[in-house]
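structure26.txt (compact mmCIF, C-alpha atoms) appears below.
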# COMPACT_ATOMS: atom_id res chain seq x y z
CA MET F 1 2.47 180.00 112.06
CA PHE F 2 2.56 176.48 110.76
CA THR F 3 5.42 174.08 111.31
CA GLU F 4 6.49 172.32 108.17
CA GLU F 5 5.89 168.62 108.46
CA SER F 6 8.85 166.35 108.02
CA ASN F 7 8.87 164.25 104.90
CA VAL F 8 10.54 161.47 106.84
CA GLU F 9 7.96 158.83 107.66
CA LYS F 10 7.86 157.45 111.13
CA GLU F 11 9.56 154.14 111.34
CA THR F 12 7.00 151.37 111.52
CA GLU F 13 7.42 149.13 114.52
CA ILE F 14 8.20 145.60 113.40
CA SER F 15 7.02 142.68 115.51
CA PRO F 16 9.77 140.33 116.73
CA LEU F 17 7.69 137.48 115.24
CA THR F 18 7.91 138.83 111.71
CA GLY F 19 9.30 136.12 109.47
CA LYS F 20 9.36 133.50 112.23
CA HIS F 21 8.12 130.03 111.35
CA ILE F 22 5.87 128.82 114.15
CA VAL F 23 4.12 125.46 114.52
CA ILE F 24 0.81 125.21 116.39
CA THR F 25 -0.60 121.86 117.47
CA ARG F 26 -4.17 122.72 118.41
CA SER F 27 -7.22 120.85 117.15
CA VAL F 28 -8.74 121.89 113.83
CA ASP F 29 -11.61 123.80 115.46
CA GLN F 30 -9.23 125.70 117.76
CA ALA F 31 -6.42 126.43 115.31
CA ALA F 32 -7.98 129.33 113.40
CA GLU F 33 -7.90 131.72 116.35
CA SER F 34 -4.28 130.83 117.15
CA MET F 35 -3.20 131.29 113.55
CA LYS F 36 -4.90 134.67 113.37
CA LEU F 37 -3.07 135.93 116.47
CA LEU F 38 0.34 134.79 115.24
CA GLU F 39 -0.12 135.89 111.64
CA ALA F 40 -1.15 139.35 112.88
CA GLU F 41 2.37 139.53 114.34
CA GLY F 42 3.94 138.65 110.99
CA ALA F 43 4.66 135.00 111.72
CA SER F 44 4.43 132.22 109.16
CA VAL F 45 2.29 129.54 110.78
CA ILE F 46 2.09 125.79 110.17
CA SER F 47 -0.93 124.18 111.81
CA LEU F 48 -0.51 120.49 112.62
CA PRO F 49 -3.58 119.36 114.60
CA ALA F 50 -2.05 116.88 117.03
CA ILE F 51 -5.31 116.32 118.88
CA ALA F 52 -8.96 115.86 118.04
CA PHE F 53 -12.02 115.65 120.27
CA LYS F 54 -14.56 112.84 120.12
CA PRO F 55 -17.89 113.18 121.96
CA ILE F 56 -18.93 110.44 124.38
CA GLN F 57 -22.66 109.86 124.13
CA LEU F 58 -24.59 109.36 127.35
CA ASP F 59 -27.77 107.30 127.29
CA GLU F 60 -31.11 108.83 128.24
CA THR F 61 -31.18 107.17 131.68
CA ARG F 62 -27.75 108.52 132.55
CA LEU F 63 -28.70 112.01 131.40
CA ASN F 64 -31.94 111.93 133.40
CA ASN F 65 -30.09 110.82 136.53
CA LEU F 66 -27.52 113.58 136.13
CA VAL F 67 -30.08 116.33 135.67
CA ASN F 68 -32.59 115.11 138.25
CA ASN F 69 -29.88 114.76 140.90
CA TYR F 70 -30.01 118.55 141.25
CA TYR F 71 -26.33 119.19 141.74
CA ASP F 72 -25.47 122.23 143.81
CA TYR F 73 -22.49 122.97 141.58
CA ILE F 74 -21.24 121.95 138.15
CA VAL F 75 -17.52 122.48 137.61
CA PHE F 76 -16.13 122.96 134.10
CA SER F 77 -12.37 122.96 133.57
CA SER F 78 -12.53 123.50 129.80
CA ALA F 79 -14.75 124.94 127.10
CA ASN F 80 -14.89 121.44 125.58
CA GLY F 81 -16.46 120.14 128.79
CA VAL F 82 -19.23 122.73 128.48
CA ARG F 83 -19.67 122.16 124.77
CA PHE F 84 -19.88 118.36 124.76
CA PHE F 85 -22.03 118.22 127.88
CA PHE F 86 -24.67 120.67 126.65
CA GLU F 87 -24.76 119.26 123.12
CA GLN F 88 -26.46 116.21 124.65
CA LEU F 89 -29.04 118.06 126.72
CA SER F 90 -32.57 118.87 125.63
CA GLY F 91 -34.15 122.25 126.34
CA LYS F 92 -35.87 120.86 129.44
CA PHE F 93 -32.61 119.52 130.89
CA ILE F 94 -30.80 122.80 130.23
CA ALA F 95 -33.58 124.72 131.99
CA GLU F 96 -33.30 122.43 135.02
CA ILE F 97 -29.55 123.00 135.27
CA ARG F 98 -29.92 126.76 134.91
CA GLU F 99 -32.47 126.77 137.72
CA HIS F 100 -30.84 124.43 140.21
CA SER F 101 -27.07 124.46 139.69
CA LYS F 102 -24.37 127.05 140.25
CA VAL F 103 -21.38 126.85 137.92
CA ILE F 104 -17.65 127.13 138.57
CA ALA F 105 -15.62 127.78 135.42
CA ILE F 106 -11.85 127.46 135.14
CA GLY F 107 -10.34 129.76 132.50
CA GLU F 108 -11.53 132.73 130.45
CA LYS F 109 -12.64 130.66 127.47
CA THR F 110 -14.57 128.28 129.72
CA ARG F 111 -16.26 131.20 131.48
CA ALA F 112 -17.17 132.79 128.15
CA TYR F 113 -18.68 129.53 126.87
CA CYS F 114 -20.74 129.19 130.07
CA ASP F 115 -21.97 132.77 129.72
CA ARG F 116 -23.13 132.04 126.17
CA LYS F 117 -25.19 129.18 127.60
CA TRP F 118 -26.75 131.55 130.16
CA LEU F 119 -25.38 129.52 133.04
CA ASN F 120 -25.17 130.84 136.59
CA VAL F 121 -21.39 131.18 136.89
CA VAL F 122 -20.65 132.07 140.50
CA TYR F 123 -16.88 131.67 140.58
CA SER F 124 -13.78 131.55 138.38
CA PRO F 125 -10.34 131.05 139.98
CA VAL F 126 -7.61 133.66 139.70
CA GLU F 127 -5.26 131.01 138.32
CA TYR F 128 -6.42 128.68 135.57
CA ASN F 129 -5.76 125.29 137.14
CA ALA F 130 -7.47 122.77 139.42
CA LYS F 131 -4.93 122.98 142.24
CA ALA F 132 -5.29 126.75 142.52
CA LEU F 133 -9.10 126.47 142.47
CA ILE F 134 -9.14 124.05 145.41
CA GLN F 135 -6.74 126.24 147.38
CA GLU F 136 -8.89 129.32 146.76
CA LEU F 137 -12.05 127.52 147.93
CA GLU F 138 -10.68 125.86 151.07
CA SER F 139 -12.29 128.46 153.33
CA VAL F 140 -15.79 127.64 152.00
CA ASP F 141 -17.96 125.01 153.69
CA TRP F 142 -18.35 122.26 151.10
CA LYS F 143 -19.60 119.54 153.44
CA ASN F 144 -22.21 117.39 151.64
CA ALA F 145 -22.42 119.76 148.67
CA LYS F 146 -23.29 117.84 145.50
CA ILE F 147 -20.85 118.56 142.68
CA LEU F 148 -20.77 117.32 139.08
CA ILE F 149 -17.62 117.52 136.96
CA PRO F 150 -18.20 116.83 133.23
CA GLY F 151 -14.93 116.50 131.31
CA ALA F 152 -12.55 114.36 129.31
CA LEU F 153 -12.44 110.57 129.47
CA ILE F 154 -8.85 110.78 130.74
CA SER F 155 -9.05 113.62 133.21
CA ARG F 156 -6.59 114.54 135.92
CA LYS F 157 -7.95 113.77 139.38
CA GLU F 158 -7.07 117.01 141.16
CA LEU F 159 -10.62 118.41 141.03
CA PHE F 160 -12.31 115.19 142.14
CA GLU F 161 -9.84 114.53 144.95
CA GLY F 162 -9.74 118.17 146.00
CA PHE F 163 -13.50 118.61 146.41
CA ASN F 164 -13.72 115.19 148.08
CA ARG F 165 -11.11 116.31 150.60
CA LEU F 166 -13.18 119.44 151.28
CA GLY F 167 -16.17 117.23 152.17
CA ALA F 168 -18.25 117.45 148.99
CA ASN F 169 -20.04 114.58 147.25
CA VAL F 170 -18.48 114.52 143.80
CA ASP F 171 -19.55 112.80 140.58
CA THR F 172 -17.54 112.88 137.37
CA VAL F 173 -18.92 112.15 133.92
CA PRO F 174 -16.82 111.77 130.75
CA VAL F 175 -18.41 113.69 127.87
CA TYR F 176 -15.53 113.67 125.39
CA ASP F 177 -12.32 111.88 124.58
CA THR F 178 -9.05 113.37 123.32
CA VAL F 179 -7.65 111.36 120.42
CA MET F 180 -4.80 111.57 117.93
CA PRO F 181 -5.78 112.19 114.29
CA PRO F 182 -4.76 109.47 111.80
CA ARG F 183 -1.22 110.20 110.59
CA ASP F 184 -2.21 110.04 106.92
CA SER F 185 -4.77 112.82 107.51
CA VAL F 186 -1.99 115.28 108.45
CA ILE F 187 0.90 113.88 106.39
CA ASP F 188 1.10 117.06 104.28
CA LYS F 189 1.70 119.14 107.44
CA ILE F 190 4.26 116.64 108.70
CA LEU F 191 6.22 116.89 105.46
CA GLN F 192 5.93 120.69 105.49
CA ILE F 193 7.40 120.85 109.00
CA LYS F 194 10.26 118.55 108.05
CA LYS F 195 11.14 120.82 105.11
CA THR F 196 10.91 124.04 107.14
CA LYS F 197 13.43 125.61 109.50
CA VAL F 198 10.97 126.04 112.35
CA ASP F 199 11.71 128.76 114.90
CA CYS F 200 9.13 127.86 117.53
CA TYR F 201 6.87 124.92 118.40
CA THR F 202 3.80 125.57 120.57
CA PHE F 203 2.05 123.05 122.80
CA MET F 204 -1.15 123.71 124.76
CA SER F 205 -1.65 120.32 126.45
CA PRO F 206 0.32 117.20 127.44
CA SER F 207 -1.60 115.07 124.91
CA GLY F 208 -0.85 117.60 122.17
CA PHE F 209 2.87 117.29 122.85
CA ILE F 210 2.87 113.48 123.13
CA ASN F 211 0.81 113.09 119.96
CA PHE F 212 3.12 115.48 118.11
CA LEU F 213 6.11 113.27 118.92
CA ARG F 214 4.19 110.25 117.64
CA LEU F 215 2.98 111.94 114.47
CA MET F 216 6.47 113.23 113.66
CA GLU F 217 7.99 109.85 114.69
CA ILE F 218 10.64 111.54 116.83
CA GLN F 219 10.29 109.84 120.22
CA GLY F 220 13.73 109.82 121.80
CA ASN F 221 15.27 112.03 119.10
CA HIS F 222 16.44 114.86 121.33
CA ASP F 223 18.09 116.68 118.43
CA PHE F 224 14.79 117.32 116.69
CA PHE F 225 14.09 120.64 118.43
CA ASP F 226 17.66 121.93 118.16
CA GLY F 227 17.68 125.52 116.97
CA ALA F 228 14.00 126.01 117.79
CA ALA F 229 12.17 127.21 120.88
CA ILE F 230 9.48 125.21 122.67
CA ALA F 231 6.56 127.27 124.00
CA VAL F 232 3.88 125.85 126.29
CA ILE F 233 0.67 126.67 128.11
CA GLY F 234 0.34 125.24 131.61
CA THR F 235 2.56 123.59 134.20
CA THR F 236 1.36 120.09 133.32
CA THR F 237 2.34 120.59 129.68
CA GLU F 238 5.68 122.02 130.77
CA ASN F 239 6.38 119.00 132.99
CA THR F 240 5.42 116.58 130.22
CA VAL F 241 7.93 118.22 127.85
CA ILE F 242 10.66 118.17 130.49
CA ASP F 243 9.94 114.55 131.48
CA ALA F 244 10.37 113.57 127.82
CA GLY F 245 13.90 115.04 127.91
CA TYR F 246 13.31 118.37 126.20
CA LYS F 247 13.75 121.98 127.34
CA VAL F 248 10.90 124.46 127.67
CA ASP F 249 12.01 127.90 126.51
CA ILE F 250 8.75 129.84 126.79
CA LYS F 251 5.78 129.49 129.13
CA ALA F 252 2.60 131.54 128.98
CA LYS F 253 1.91 133.59 132.08
CA ARG F 254 -1.78 132.74 131.79
CA ALA F 255 -3.59 129.79 130.24
CA THR F 256 -4.63 131.61 127.06
CA MET F 257 -3.33 131.76 123.51
CA GLU F 258 -3.09 135.53 123.78
CA SER F 259 -0.76 135.18 126.75
CA LEU F 260 1.35 132.59 124.94
CA VAL F 261 1.79 134.88 121.92
CA SER F 262 2.80 137.69 124.27
CA SER F 263 5.38 135.45 125.95
CA ILE F 264 6.78 134.35 122.59
CA LYS F 265 7.18 138.02 121.59
CA GLU F 266 8.99 138.78 124.85
CA TYR F 267 11.33 135.83 124.24
CA TYR F 268 12.37 137.06 120.79
CA LEU F 269 12.62 140.68 121.94
CA THR F 270 15.09 139.54 124.60
CA GLU F 271 16.99 137.57 121.97
CA GLN F 272 17.20 140.64 119.74
CA SER F 273 18.56 142.80 122.55
CA ASN F 274 21.29 140.33 123.48
Just give me the structure as C-alpha cells.
Amino acid sequence: MFTEESNVEKETEISPLTGKHIVITRSVDQAAESMKLLEAEGASVISLPAIAFKPIQLDETRLNNLVNNYYDYIVFSSANGVRFFFEQLSGKFIAEIREHSKVIAIGEKTRAYCDRKWLNVVYSPVEYNAKALIQELESVDWKNAKILIPGALISRKELFEGFNRLGANVDTVPVYDTVMPPRDSVIDKILQIKKTKVDCYTFMSPSGFINFLRLMEIQGNHDFFDGAAIAVIGTTTENTVIDAGYKVDIKAKRATMESLVSSIKEYYLTEQSN
C-alpha cells in the first residue's frame, strides 16, 4: 500500500544572510574565496580591498646565509609568509630547507600552504595566534635551537620574544610588506559603499581596519557604522577596532573565513529570534 505524497513542498530553509549587504576588506587575491562563502549564503557582497601585499626582495647573499644556516625550525604565522619566502628560493635552496628544517605553521591556511610545498610540518597550535603557540610549547626544550621566522615587514614581536624567552636563537626576516592600495584604484567601491545601506563590515586584520578608515575618510566619525554590525577575525583586530572607539559585534571563533561566516550567521539568527 502506497502513501500518497503530499503536494505541499517542503519549506526551503533560508539563510539569515539572505539579502544582507556585507563589506569585505581582504586583499584582491584573498577576496574571491570570501565572496564565494558569503554569496552562497545569499548575501550581497561589496569587496573593498583595504590591503595589498608587496614582496620584499632578498639579495643572493642574504638568501644563501639563511639557507646555509641550517635552521632547526622555520615558523610561519601566515600563508603570505610561506608564499613570499619560497617565491625567492631556487630549487636547491628549497631542497636544503626540506632536508634540514622542521616547520611550525600557525593556522589552517598556513598549514595547507606548507603542505603544498612539501615541507616537514611538525606542529600547528590549537589556537591560531603567537601567544597560544608559545604557551603550548613551553614544556619543550628550546635551548640553543635555531629558529627562522619569515614574515611581514611590520610584524608583531610575540613570536620572536616568546622563543627568545624559551632559550632559542631566533632570526626574523621580512619577506613582504602590507600596504594600502591607492584610493583612486578603489574609488568605485568606496562610492558603492557610501550609496549602500550596509548590514555588516568584516575585518580580518588591524591594518585592514585602519586602512578602511583611511580609504573611506571616516577617522573619528563614530556614527559611520551606526545601524551596521562589525565582524572581526582575531583578538588583535578586535582590540584595534575597540581602541579606535568602535564596537565589535561579531568575532570569529577561529581564525578562518569559514568561522567568521558562521559567526555572522549566528548573530543574525539571534537577531531574528529576538
Could the residues of region 157-241 of chain F that have an atom at most 10 Å from region 57-72 of chain F be listed as JSON lines, each with its closest atom pair and the distance in Å to one decimal, counting all atoms listed in the file and ordered by chain and ascending residue number?
{"residue": "F:Asn169", "atom": "CA", "partner": "F:Tyr71", "partner_atom": "CA", "distance": 9.5}
{"residue": "F:Val170", "atom": "CA", "partner": "F:Tyr71", "partner_atom": "CA", "distance": 9.4}
{"residue": "F:Asp171", "atom": "CA", "partner": "F:Leu66", "partner_atom": "CA", "distance": 9.2}
{"residue": "F:Val173", "atom": "CA", "partner": "F:Leu66", "partner_atom": "CA", "distance": 9.0}
{"residue": "F:Pro174", "atom": "CA", "partner": "F:Leu58", "partner_atom": "CA", "distance": 8.8}
{"residue": "F:Val175", "atom": "CA", "partner": "F:Gln57", "partner_atom": "CA", "distance": 6.8}
{"residue": "F:Tyr176", "atom": "CA", "partner": "F:Gln57", "partner_atom": "CA", "distance": 8.2}
Near-Ile193 (chain F) list (12 Å; all atoms listed in the file; drop same-chain fewer than 5 positions) as a compact mmCIF listing (two decimals) with C-alpha atoms, keeping the file's coordinate frame:
# COMPACT_ATOMS: atom_id res chain seq x y z
CA HIS F 21 8.12 130.03 111.35
CA ILE F 22 5.87 128.82 114.15
CA VAL F 23 4.12 125.46 114.52
CA ILE F 24 0.81 125.21 116.39
CA THR F 25 -0.60 121.86 117.47
CA SER F 44 4.43 132.22 109.16
CA VAL F 45 2.29 129.54 110.78
CA ILE F 46 2.09 125.79 110.17
CA SER F 47 -0.93 124.18 111.81
CA LEU F 48 -0.51 120.49 112.62
CA VAL F 186 -1.99 115.28 108.45
CA ILE F 187 0.90 113.88 106.39
CA ASP F 188 1.10 117.06 104.28
CA VAL F 198 10.97 126.04 112.35
CA ASP F 199 11.71 128.76 114.90
CA CYS F 200 9.13 127.86 117.53
CA TYR F 201 6.87 124.92 118.40
CA PHE F 212 3.12 115.48 118.11
CA LEU F 215 2.98 111.94 114.47
CA MET F 216 6.47 113.23 113.66
CA PHE F 224 14.79 117.32 116.69
CA PHE F 225 14.09 120.64 118.43
May I have the protein, DNA and RNA residues with an atom at most 12 Å from (10.0, 141.4, 110.2), counting all atoms listed in the file in the file's coordinates, returned as a PyMOL selection string?
chain F and resi 12-21+39-44+268+272
At a cut-off of 12 Å, using all atoms listed in the file, what residues contact Ile242 (chain F)? Leave out same-chain residues fewer than 4 positions from it and give the result as JSON, numbers by chain.
{"F": [206, 209, 210, 222, 230, 231, 232, 235, 236, 237, 238, 246, 247, 248, 249]}
Can you measure CA of Glu138 (chain F) to CA of Val103 (chain F) for me? One decimal in Å is fine.
17.0 Å
Quick one: which region 234-264 of chain F residues come within 12 Å of region 108-126 of chain F, and what is the nearest atom pair for each with the distance in Å to one decimal, counting all atoms listed in the file, rows ordered by chain and ascending number, as a Markdown table?
| residue | atom | partner | partner_atom | distance |
| --- | --- | --- | --- | --- |
| F:Arg254 | CA | F:Glu108 | CA | 9.8 |
| F:Ala255 | CA | F:Glu108 | CA | 8.5 |
| F:Thr256 | CA | F:Glu108 | CA | 7.8 |
| F:Met257 | CA | F:Lys109 | CA | 10.2 |
| F:Glu258 | CA | F:Glu108 | CA | 11.1 |
| F:Ser259 | CA | F:Glu108 | CA | 11.6 |
For the atom pair CA of Ala105 (chain F) and CA of Leu148 (chain F), what is the interatomic distance in Å to one decimal place?
12.2 Å
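Going from CA of Ile147 (chain F) over to CA of Val75 (chain F), you cover 7.2 Å.
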From F:Lys146, F:Arg98, F:Lys189, F:Arg26, residue lying nearest Pro49 (chain F) [only C-alpha atoms]:
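For Pro49 (chain F), the nearest of the given residues is F:Arg26.
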Close residues, Val261 (chain F) itself excluded, 8 Å, all atoms listed in the file, min 3 positions apart in chain, as JSON, numbers by chain
{"F": [37, 38, 252, 257, 258, 264, 265]}
Could those selected residues go to a file with C-alpha atoms, as an mmCIF file, in the coordinates of the input?
data_model
loop_
_atom_site.group_PDB
_atom_site.id
_atom_site.type_symbol
_atom_site.label_atom_id
_atom_site.label_comp_id
_atom_site.auth_asym_id
_atom_site.auth_seq_id
_atom_site.Cartn_x
_atom_site.Cartn_y
_atom_site.Cartn_z
ATOM 1 C CA LEU F 37 -3.070 135.930 116.470
ATOM 2 C CA LEU F 38 0.340 134.790 115.240
ATOM 3 C CA ALA F 252 2.600 131.540 128.980
ATOM 4 C CA MET F 257 -3.330 131.760 123.510
ATOM 5 C CA GLU F 258 -3.090 135.530 123.780
ATOM 6 C CA ILE F 264 6.780 134.350 122.590
ATOM 7 C CA LYS F 265 7.180 138.020 121.590
#
With the input short on atoms, add N, CA and C atoms back to region 143-165 of chain F and write it as a PDB file, in the frame of the given file.
ATOM      1  N   LYS F 143     -19.123 120.806 152.891  1.00  0.00           N
ATOM      2  CA  LYS F 143     -19.600 119.540 153.440  1.00  0.00           C
ATOM      3  C   LYS F 143     -20.963 119.168 152.854  1.00  0.00           C
ATOM      4  N   ASN F 144     -21.001 117.979 152.232  1.00  0.00           N
ATOM      5  CA  ASN F 144     -22.210 117.390 151.640  1.00  0.00           C
ATOM      6  C   ASN F 144     -22.739 118.131 150.404  1.00  0.00           C
ATOM      7  N   ALA F 145     -22.008 119.117 149.920  1.00  0.00           N
ATOM      8  CA  ALA F 145     -22.420 119.760 148.670  1.00  0.00           C
ATOM      9  C   ALA F 145     -22.314 118.758 147.526  1.00  0.00           C
ATOM     10  N   LYS F 146     -23.299 118.773 146.634  1.00  0.00           N
ATOM     11  CA  LYS F 146     -23.290 117.840 145.500  1.00  0.00           C
ATOM     12  C   LYS F 146     -22.679 118.542 144.282  1.00  0.00           C
ATOM     13  N   ILE F 147     -21.609 117.937 143.768  1.00  0.00           N
ATOM     14  CA  ILE F 147     -20.850 118.560 142.680  1.00  0.00           C
ATOM     15  C   ILE F 147     -20.731 117.584 141.512  1.00  0.00           C
ATOM     16  N   LEU F 148     -20.955 118.097 140.313  1.00  0.00           N
ATOM     17  CA  LEU F 148     -20.770 117.320 139.080  1.00  0.00           C
ATOM     18  C   LEU F 148     -19.628 117.930 138.277  1.00  0.00           C
ATOM     19  N   ILE F 149     -18.737 117.060 137.782  1.00  0.00           N
ATOM     20  CA  ILE F 149     -17.620 117.520 136.960  1.00  0.00           C
ATOM     21  C   ILE F 149     -17.663 116.796 135.616  1.00  0.00           C
ATOM     22  N   PRO F 150     -18.250 117.428 134.569  1.00  0.00           N
ATOM     23  CA  PRO F 150     -18.200 116.830 133.230  1.00  0.00           C
ATOM     24  C   PRO F 150     -16.851 117.178 132.585  1.00  0.00           C
ATOM     25  N   GLY F 151     -16.239 116.208 131.907  1.00  0.00           N
ATOM     26  CA  GLY F 151     -14.930 116.500 131.310  1.00  0.00           C
ATOM     27  C   GLY F 151     -14.462 115.416 130.374  1.00  0.00           C
ATOM     28  N   ALA F 152     -13.162 115.322 130.232  1.00  0.00           N
ATOM     29  CA  ALA F 152     -12.550 114.360 129.310  1.00  0.00           C
ATOM     30  C   ALA F 152     -12.552 112.959 129.903  1.00  0.00           C
ATOM     31  N   LEU F 153     -12.481 111.963 129.022  1.00  0.00           N
ATOM     32  CA  LEU F 153     -12.440 110.570 129.470  1.00  0.00           C
ATOM     33  C   LEU F 153     -11.224 110.351 130.365  1.00  0.00           C
ATOM     34  N   ILE F 154     -10.066 110.868 129.922  1.00  0.00           N
ATOM     35  CA  ILE F 154      -8.850 110.780 130.740  1.00  0.00           C
ATOM     36  C   ILE F 154      -8.631 112.154 131.354  1.00  0.00           C
ATOM     37  N   SER F 155      -9.176 112.335 132.536  1.00  0.00           N
ATOM     38  CA  SER F 155      -9.050 113.620 133.210  1.00  0.00           C
ATOM     39  C   SER F 155      -8.135 113.479 134.413  1.00  0.00           C
ATOM     40  N   ARG F 156      -7.396 114.543 134.705  1.00  0.00           N
ATOM     41  CA  ARG F 156      -6.590 114.540 135.920  1.00  0.00           C
ATOM     42  C   ARG F 156      -7.532 114.554 137.121  1.00  0.00           C
ATOM     43  N   LYS F 157      -7.077 114.003 138.233  1.00  0.00           N
ATOM     44  CA  LYS F 157      -7.950 113.770 139.380  1.00  0.00           C
ATOM     45  C   LYS F 157      -7.932 114.878 140.418  1.00  0.00           C
ATOM     46  N   GLU F 158      -7.215 115.980 140.134  1.00  0.00           N
ATOM     47  CA  GLU F 158      -7.070 117.010 141.160  1.00  0.00           C
ATOM     48  C   GLU F 158      -8.417 117.583 141.621  1.00  0.00           C
ATOM     49  N   LEU F 159      -9.323 117.841 140.669  1.00  0.00           N
ATOM     50  CA  LEU F 159     -10.620 118.410 141.030  1.00  0.00           C
ATOM     51  C   LEU F 159     -11.432 117.450 141.882  1.00  0.00           C
ATOM     52  N   PHE F 160     -11.539 116.206 141.420  1.00  0.00           N
ATOM     53  CA  PHE F 160     -12.310 115.190 142.140  1.00  0.00           C
ATOM     54  C   PHE F 160     -11.764 115.000 143.551  1.00  0.00           C
ATOM     55  N   GLU F 161     -10.459 114.775 143.648  1.00  0.00           N
ATOM     56  CA  GLU F 161      -9.840 114.530 144.950  1.00  0.00           C
ATOM     57  C   GLU F 161      -9.903 115.770 145.844  1.00  0.00           C
ATOM     58  N   GLY F 162      -9.722 116.937 145.228  1.00  0.00           N
ATOM     59  CA  GLY F 162      -9.740 118.170 146.000  1.00  0.00           C
ATOM     60  C   GLY F 162     -11.084 118.444 146.644  1.00  0.00           C
ATOM     61  N   PHE F 163     -12.171 118.353 145.854  1.00  0.00           N
ATOM     62  CA  PHE F 163     -13.500 118.610 146.410  1.00  0.00           C
ATOM     63  C   PHE F 163     -13.910 117.505 147.404  1.00  0.00           C
ATOM     64  N   ASN F 164     -13.470 116.275 147.128  1.00  0.00           N
ATOM     65  CA  ASN F 164     -13.720 115.190 148.080  1.00  0.00           C
ATOM     66  C   ASN F 164     -13.081 115.496 149.428  1.00  0.00           C
ATOM     67  N   ARG F 165     -11.844 115.977 149.383  1.00  0.00           N
ATOM     68  CA  ARG F 165     -11.110 116.310 150.600  1.00  0.00           C
ATOM     69  C   ARG F 165     -11.801 117.437 151.366  1.00  0.00           C
TER      70      ARG F 165
END
